>>> print(open('run_8.txt').read())   # compact mmCIF, C-alpha atoms
# COMPACT_ATOMS: atom_id res chain seq x y z
CA MET A 1 14.06 -27.45 57.06
CA ARG A 2 10.51 -28.83 57.21
CA LEU A 3 8.50 -29.59 60.34
CA HIS A 4 6.08 -32.38 61.02
CA PRO A 5 2.54 -31.26 59.99
CA ARG A 6 1.21 -31.68 63.55
CA LEU A 7 3.75 -29.19 64.87
CA ALA A 8 3.15 -26.66 62.12
CA PRO A 9 0.01 -24.98 63.60
CA LEU A 10 1.91 -24.23 66.79
CA LEU A 11 4.86 -23.02 64.77
CA PHE A 12 2.77 -20.62 62.73
CA ALA A 13 0.74 -19.47 65.72
CA GLY A 14 4.03 -18.57 67.34
CA LEU A 15 5.28 -16.65 64.36
CA PHE A 16 5.22 -13.36 66.19
CA MET A 17 6.96 -14.67 69.29
CA ALA A 18 10.51 -14.05 68.21
CA CYS A 19 12.45 -11.10 69.53
CA ALA A 20 12.23 -9.71 66.02
CA SER A 21 9.82 -6.88 65.49
CA ILE A 22 6.52 -7.15 63.69
CA ASN A 23 6.75 -5.34 60.36
CA VAL A 24 3.41 -3.88 59.31
CA SER A 25 2.29 -2.26 56.08
CA SER A 26 -0.99 -1.46 54.35
CA ASN A 27 -2.37 -0.37 51.02
CA TYR A 28 -5.75 0.87 49.89
CA ASP A 29 -7.77 2.16 46.95
CA PRO A 30 -7.69 5.98 47.27
CA SER A 31 -10.97 6.30 45.39
CA ALA A 32 -12.73 4.20 48.04
CA VAL A 33 -11.82 6.25 51.14
CA GLN A 34 -15.22 7.96 51.30
CA GLU A 35 -17.08 4.62 51.11
CA ILE A 36 -14.76 3.08 53.73
CA ASP A 37 -15.45 6.00 56.09
CA ALA A 38 -19.18 5.24 55.85
CA TYR A 39 -18.82 1.56 56.79
CA LYS A 40 -20.83 0.44 59.82
CA SER A 41 -21.19 -3.35 59.57
CA TYR A 42 -18.95 -6.24 58.55
CA ALA A 43 -18.88 -10.00 58.15
CA TRP A 44 -16.10 -12.52 57.66
CA ALA A 45 -15.48 -13.71 54.13
CA ALA A 46 -15.36 -17.45 53.52
CA GLN A 47 -11.88 -18.92 53.99
CA PRO A 48 -10.45 -20.50 50.82
CA ASP A 49 -10.04 -24.29 50.83
CA GLY A 50 -6.85 -26.20 50.20
CA GLY A 51 -4.46 -23.82 51.92
CA ASP A 52 -1.26 -24.67 53.73
CA LYS A 53 -2.25 -26.60 56.88
CA ARG A 54 0.57 -24.90 58.75
CA VAL A 55 -1.42 -21.71 58.32
CA TYR A 56 -5.04 -22.55 57.56
CA ASN A 57 -6.20 -24.39 60.64
CA SER A 58 -8.87 -23.73 63.23
CA ILE A 59 -6.41 -22.60 65.91
CA MET A 60 -4.85 -19.84 63.85
CA GLY A 61 -8.14 -18.87 62.20
CA ASN A 62 -9.85 -18.40 65.56
CA GLN A 63 -6.94 -16.40 66.96
CA VAL A 64 -6.86 -14.00 64.02
CA MET A 65 -10.64 -13.56 63.83
CA GLN A 66 -11.09 -13.06 67.59
CA ALA A 67 -8.35 -10.43 67.64
CA ALA A 68 -9.80 -8.59 64.64
CA ASP A 69 -13.36 -8.80 66.01
CA ALA A 70 -12.24 -7.22 69.28
CA VAL A 71 -10.58 -4.27 67.51
CA LEU A 72 -13.35 -3.68 64.98
CA GLN A 73 -16.17 -3.94 67.51
CA ALA A 74 -14.35 -1.63 69.94
CA ARG A 75 -14.36 0.94 67.13
CA GLY A 76 -18.12 0.62 66.69
CA TYR A 77 -18.34 -1.72 63.69
CA LYS A 78 -21.17 -4.22 63.99
CA LYS A 79 -20.45 -7.85 63.11
CA VAL A 80 -23.33 -9.41 61.15
CA ASP A 81 -23.93 -12.55 59.15
CA ALA A 82 -22.73 -12.41 55.54
CA SER A 83 -26.36 -12.88 54.40
CA GLU A 84 -27.30 -9.54 56.03
CA ASN A 85 -25.54 -7.42 53.36
CA PRO A 86 -22.68 -6.02 55.46
CA ASP A 87 -20.93 -2.84 54.38
CA PHE A 88 -17.65 -4.76 54.13
CA LEU A 89 -16.21 -8.25 54.31
CA VAL A 90 -13.00 -9.12 56.14
CA GLY A 91 -10.79 -11.96 54.98
CA TRP A 92 -7.47 -13.21 56.26
CA HIS A 93 -4.64 -15.10 54.62
CA GLY A 94 -1.27 -16.31 55.79
CA SER A 95 1.95 -17.97 54.74
CA VAL A 96 5.22 -19.32 56.10
CA GLN A 97 8.33 -18.98 53.93
CA ASP A 98 11.92 -20.10 54.35
CA LYS A 99 14.33 -17.18 54.50
CA LEU A 100 18.08 -16.69 54.60
CA GLU A 101 19.83 -13.83 56.31
CA ALA A 102 23.48 -13.08 55.61
CA ASP A 103 25.52 -10.66 57.71
CA THR A 104 29.07 -9.72 56.87
CA VAL A 105 31.21 -8.48 59.73
CA ASN A 106 34.32 -6.47 58.99
CA ASN A 107 36.62 -7.18 61.92
CA TYR A 108 38.40 -3.85 61.49
CA TYR A 109 35.25 -2.13 62.81
CA GLY A 110 34.23 -4.94 65.16
CA TYR A 111 35.02 -5.75 68.78
CA PRO A 112 37.04 -5.99 70.94
CA TYR A 113 38.22 -2.41 70.78
CA SER A 114 41.56 -1.20 72.07
CA PRO A 115 43.18 2.22 71.57
CA ALA A 116 46.26 0.35 70.38
CA TRP A 117 44.25 -0.61 67.28
CA ASP A 118 43.21 2.95 66.55
CA PRO A 119 45.42 4.65 63.91
CA PHE A 120 44.68 8.06 65.49
CA TRP A 121 46.39 6.83 68.67
CA GLY A 122 49.43 5.70 66.73
CA GLY A 123 48.70 1.99 67.01
CA PRO A 124 48.98 -0.50 64.18
CA VAL A 125 46.16 -0.78 61.64
CA VAL A 126 45.30 -4.44 61.21
CA ALA A 127 42.56 -5.30 58.75
CA ALA A 128 41.26 -8.83 59.14
CA ALA A 129 39.26 -10.47 56.39
CA PRO A 130 35.52 -9.94 56.76
CA GLU A 131 33.42 -12.92 57.86
CA THR A 132 29.93 -13.73 56.59
CA TYR A 133 27.40 -15.48 58.78
CA VAL A 134 24.31 -17.08 57.21
CA ARG A 135 21.19 -17.89 59.20
CA GLU A 136 18.16 -19.84 57.99
CA TYR A 137 14.77 -19.06 59.50
CA GLU A 138 11.07 -19.01 58.67
CA GLU A 139 9.04 -15.85 58.22
CA GLY A 140 5.30 -15.78 58.79
CA THR A 141 2.90 -13.35 57.15
CA ILE A 142 -0.70 -12.47 58.01
CA LEU A 143 -2.83 -10.46 55.58
CA LEU A 144 -6.14 -8.83 56.48
CA ASP A 145 -8.29 -7.83 53.50
CA VAL A 146 -11.29 -5.51 53.45
CA VAL A 147 -13.67 -6.06 50.55
CA ASP A 148 -16.50 -3.65 49.77
CA GLY A 149 -19.85 -5.32 50.45
CA LYS A 150 -21.55 -3.94 47.33
CA SER A 151 -18.86 -3.96 44.65
CA LYS A 152 -17.03 -7.04 46.07
CA GLN A 153 -13.75 -5.25 45.28
CA LEU A 154 -10.70 -5.26 47.52
CA VAL A 155 -10.42 -1.74 49.00
CA TRP A 156 -7.83 -2.17 51.78
CA ARG A 157 -5.11 -4.66 52.73
CA GLY A 158 -2.96 -4.79 55.84
CA LYS A 159 0.07 -7.04 56.32
CA ALA A 160 2.17 -8.15 59.30
CA GLN A 161 5.40 -10.12 58.99
CA SER A 162 7.75 -11.54 61.59
CA GLU A 163 10.12 -14.39 62.26
CA VAL A 164 8.41 -17.62 63.33
CA ASN A 165 9.07 -18.96 66.82
CA GLY A 166 7.46 -22.31 67.59
CA ASN A 167 8.69 -22.60 71.19
CA ALA A 168 6.25 -20.17 72.81
CA SER A 169 3.33 -21.17 75.04
CA ALA A 170 -0.22 -21.01 73.69
CA GLU A 171 -0.95 -17.94 75.84
CA LYS A 172 2.08 -16.06 74.53
CA GLN A 173 1.22 -17.07 70.97
CA GLN A 174 -2.32 -15.69 71.29
CA LYS A 175 -1.01 -12.47 72.84
CA LYS A 176 1.48 -11.91 70.02
CA VAL A 177 -1.05 -12.72 67.27
CA THR A 178 -3.40 -10.22 68.92
CA GLN A 179 -0.62 -7.61 68.93
CA ALA A 180 0.03 -8.23 65.24
CA VAL A 181 -3.65 -7.89 64.30
CA ASP A 182 -3.92 -4.75 66.46
CA LYS A 183 -0.93 -3.23 64.66
CA ILE A 184 -2.43 -4.06 61.26
CA LEU A 185 -5.79 -2.54 62.14
CA GLU A 186 -4.20 0.64 63.49
CA ARG A 187 -4.04 1.55 59.81
CA PHE A 188 -7.76 0.96 59.20
CA PRO A 189 -9.74 2.90 58.12
CA PRO A 190 -7.16 4.54 55.89
CA LYS A 191 -6.57 8.25 55.93
CA ALA A 192 -6.17 9.87 52.52
CA GLY A 193 -2.50 10.32 51.68
CA LYS A 194 -1.21 7.83 54.30
CA LYS A 195 -0.28 4.16 53.76
>>> encode(input="run_8.txt", output="structure tokens")
Amino acid sequence: MRLHPRLAPLLFAGLFMACASINVSSNYDPSAVQEIDAYKSYAWAAQPDGGDKRVYNSIMGNQVMQAADAVLQARGYKKVDASENPDFLVGWHGSVQDKLEADTVNNYYGYPYSPAWDPFWGGPVVAAAPETYVREYEEGTILLDVVDGKSKQLVWRGKAQSEVNGNASAEKQQKKVTQAVDKILERFPPKAGKK
């Protein structure tokens, strides 16, 4: 199922609005933990051109960057221009992918329940054929990358994924994107031995 391109920015911005949880993970270069701990200043990396317009648009870009700026600056990192040799660069990426979810329900263990159906109560054991339900949905992903300012090497990456919901208001979309970025950045800076 494809949406009209004008609706796509709202769809992606609402990706974290579904009842589904936001799944967060991160990874980092263990040899860079000491350098990361010494970081004081950052700048935003240039956004790559030619990306998916459902994701790479000014609305989503501003939402992600404002949320990340608020977290990083609250922790004492200073935002500077990229020409001022920051300690690290922050970049973001995103995607929307079609997904399928299949659930098989075995009616023997399902509802409604009655003691008459329980073999321990002496009732009949009736095993109905299991039913499989398939659901199609879209999953959105936001990546936040931290690149060392001197070596220009990726040293940390955080990821948030959730089901897309395009029916939310702009205010709710911004709030949920902020929550996702906050959850990603809870893992930055990395602690040795934790991912």
>>> residues_around(input="run_8.txt", residues="region 188-191 of chain A", least_positions_apart="2", cutoff="9 Å", atoms="all atoms listed in the file", output="PyMOL selection string")
chain A and resi 26-28+30+33+36-37+156-158+184-186+193-195
>>> axis_aligned_box(input="run_8.txt", around="region 152-158 of chain A", padding_each_side="3 Å", output="JSON")
{"center_x": -10.0, "center_y": -4.4, "center_z": 50.6, "size_x": 20.1, "size_y": 11.3, "size_z": 16.6}
>>> closest_residue(input="run_8.txt", among="A:Gly140, A:Gly149, A:Gly91, A:Pro130", to="Ala45 (chain A)", atoms="all atoms listed in the file")
A:Gly91
>>> atom_distance(input="run_8.txt", atom1="CA of Ala74 (chain A)", atom2="CA of Lys40 (chain A)")
12.2 Å
>>> atom_distance(input="run_8.txt", atom1="CA of Glu35 (chain A)", atom2="CA of Asp87 (chain A)")
9.0 Å
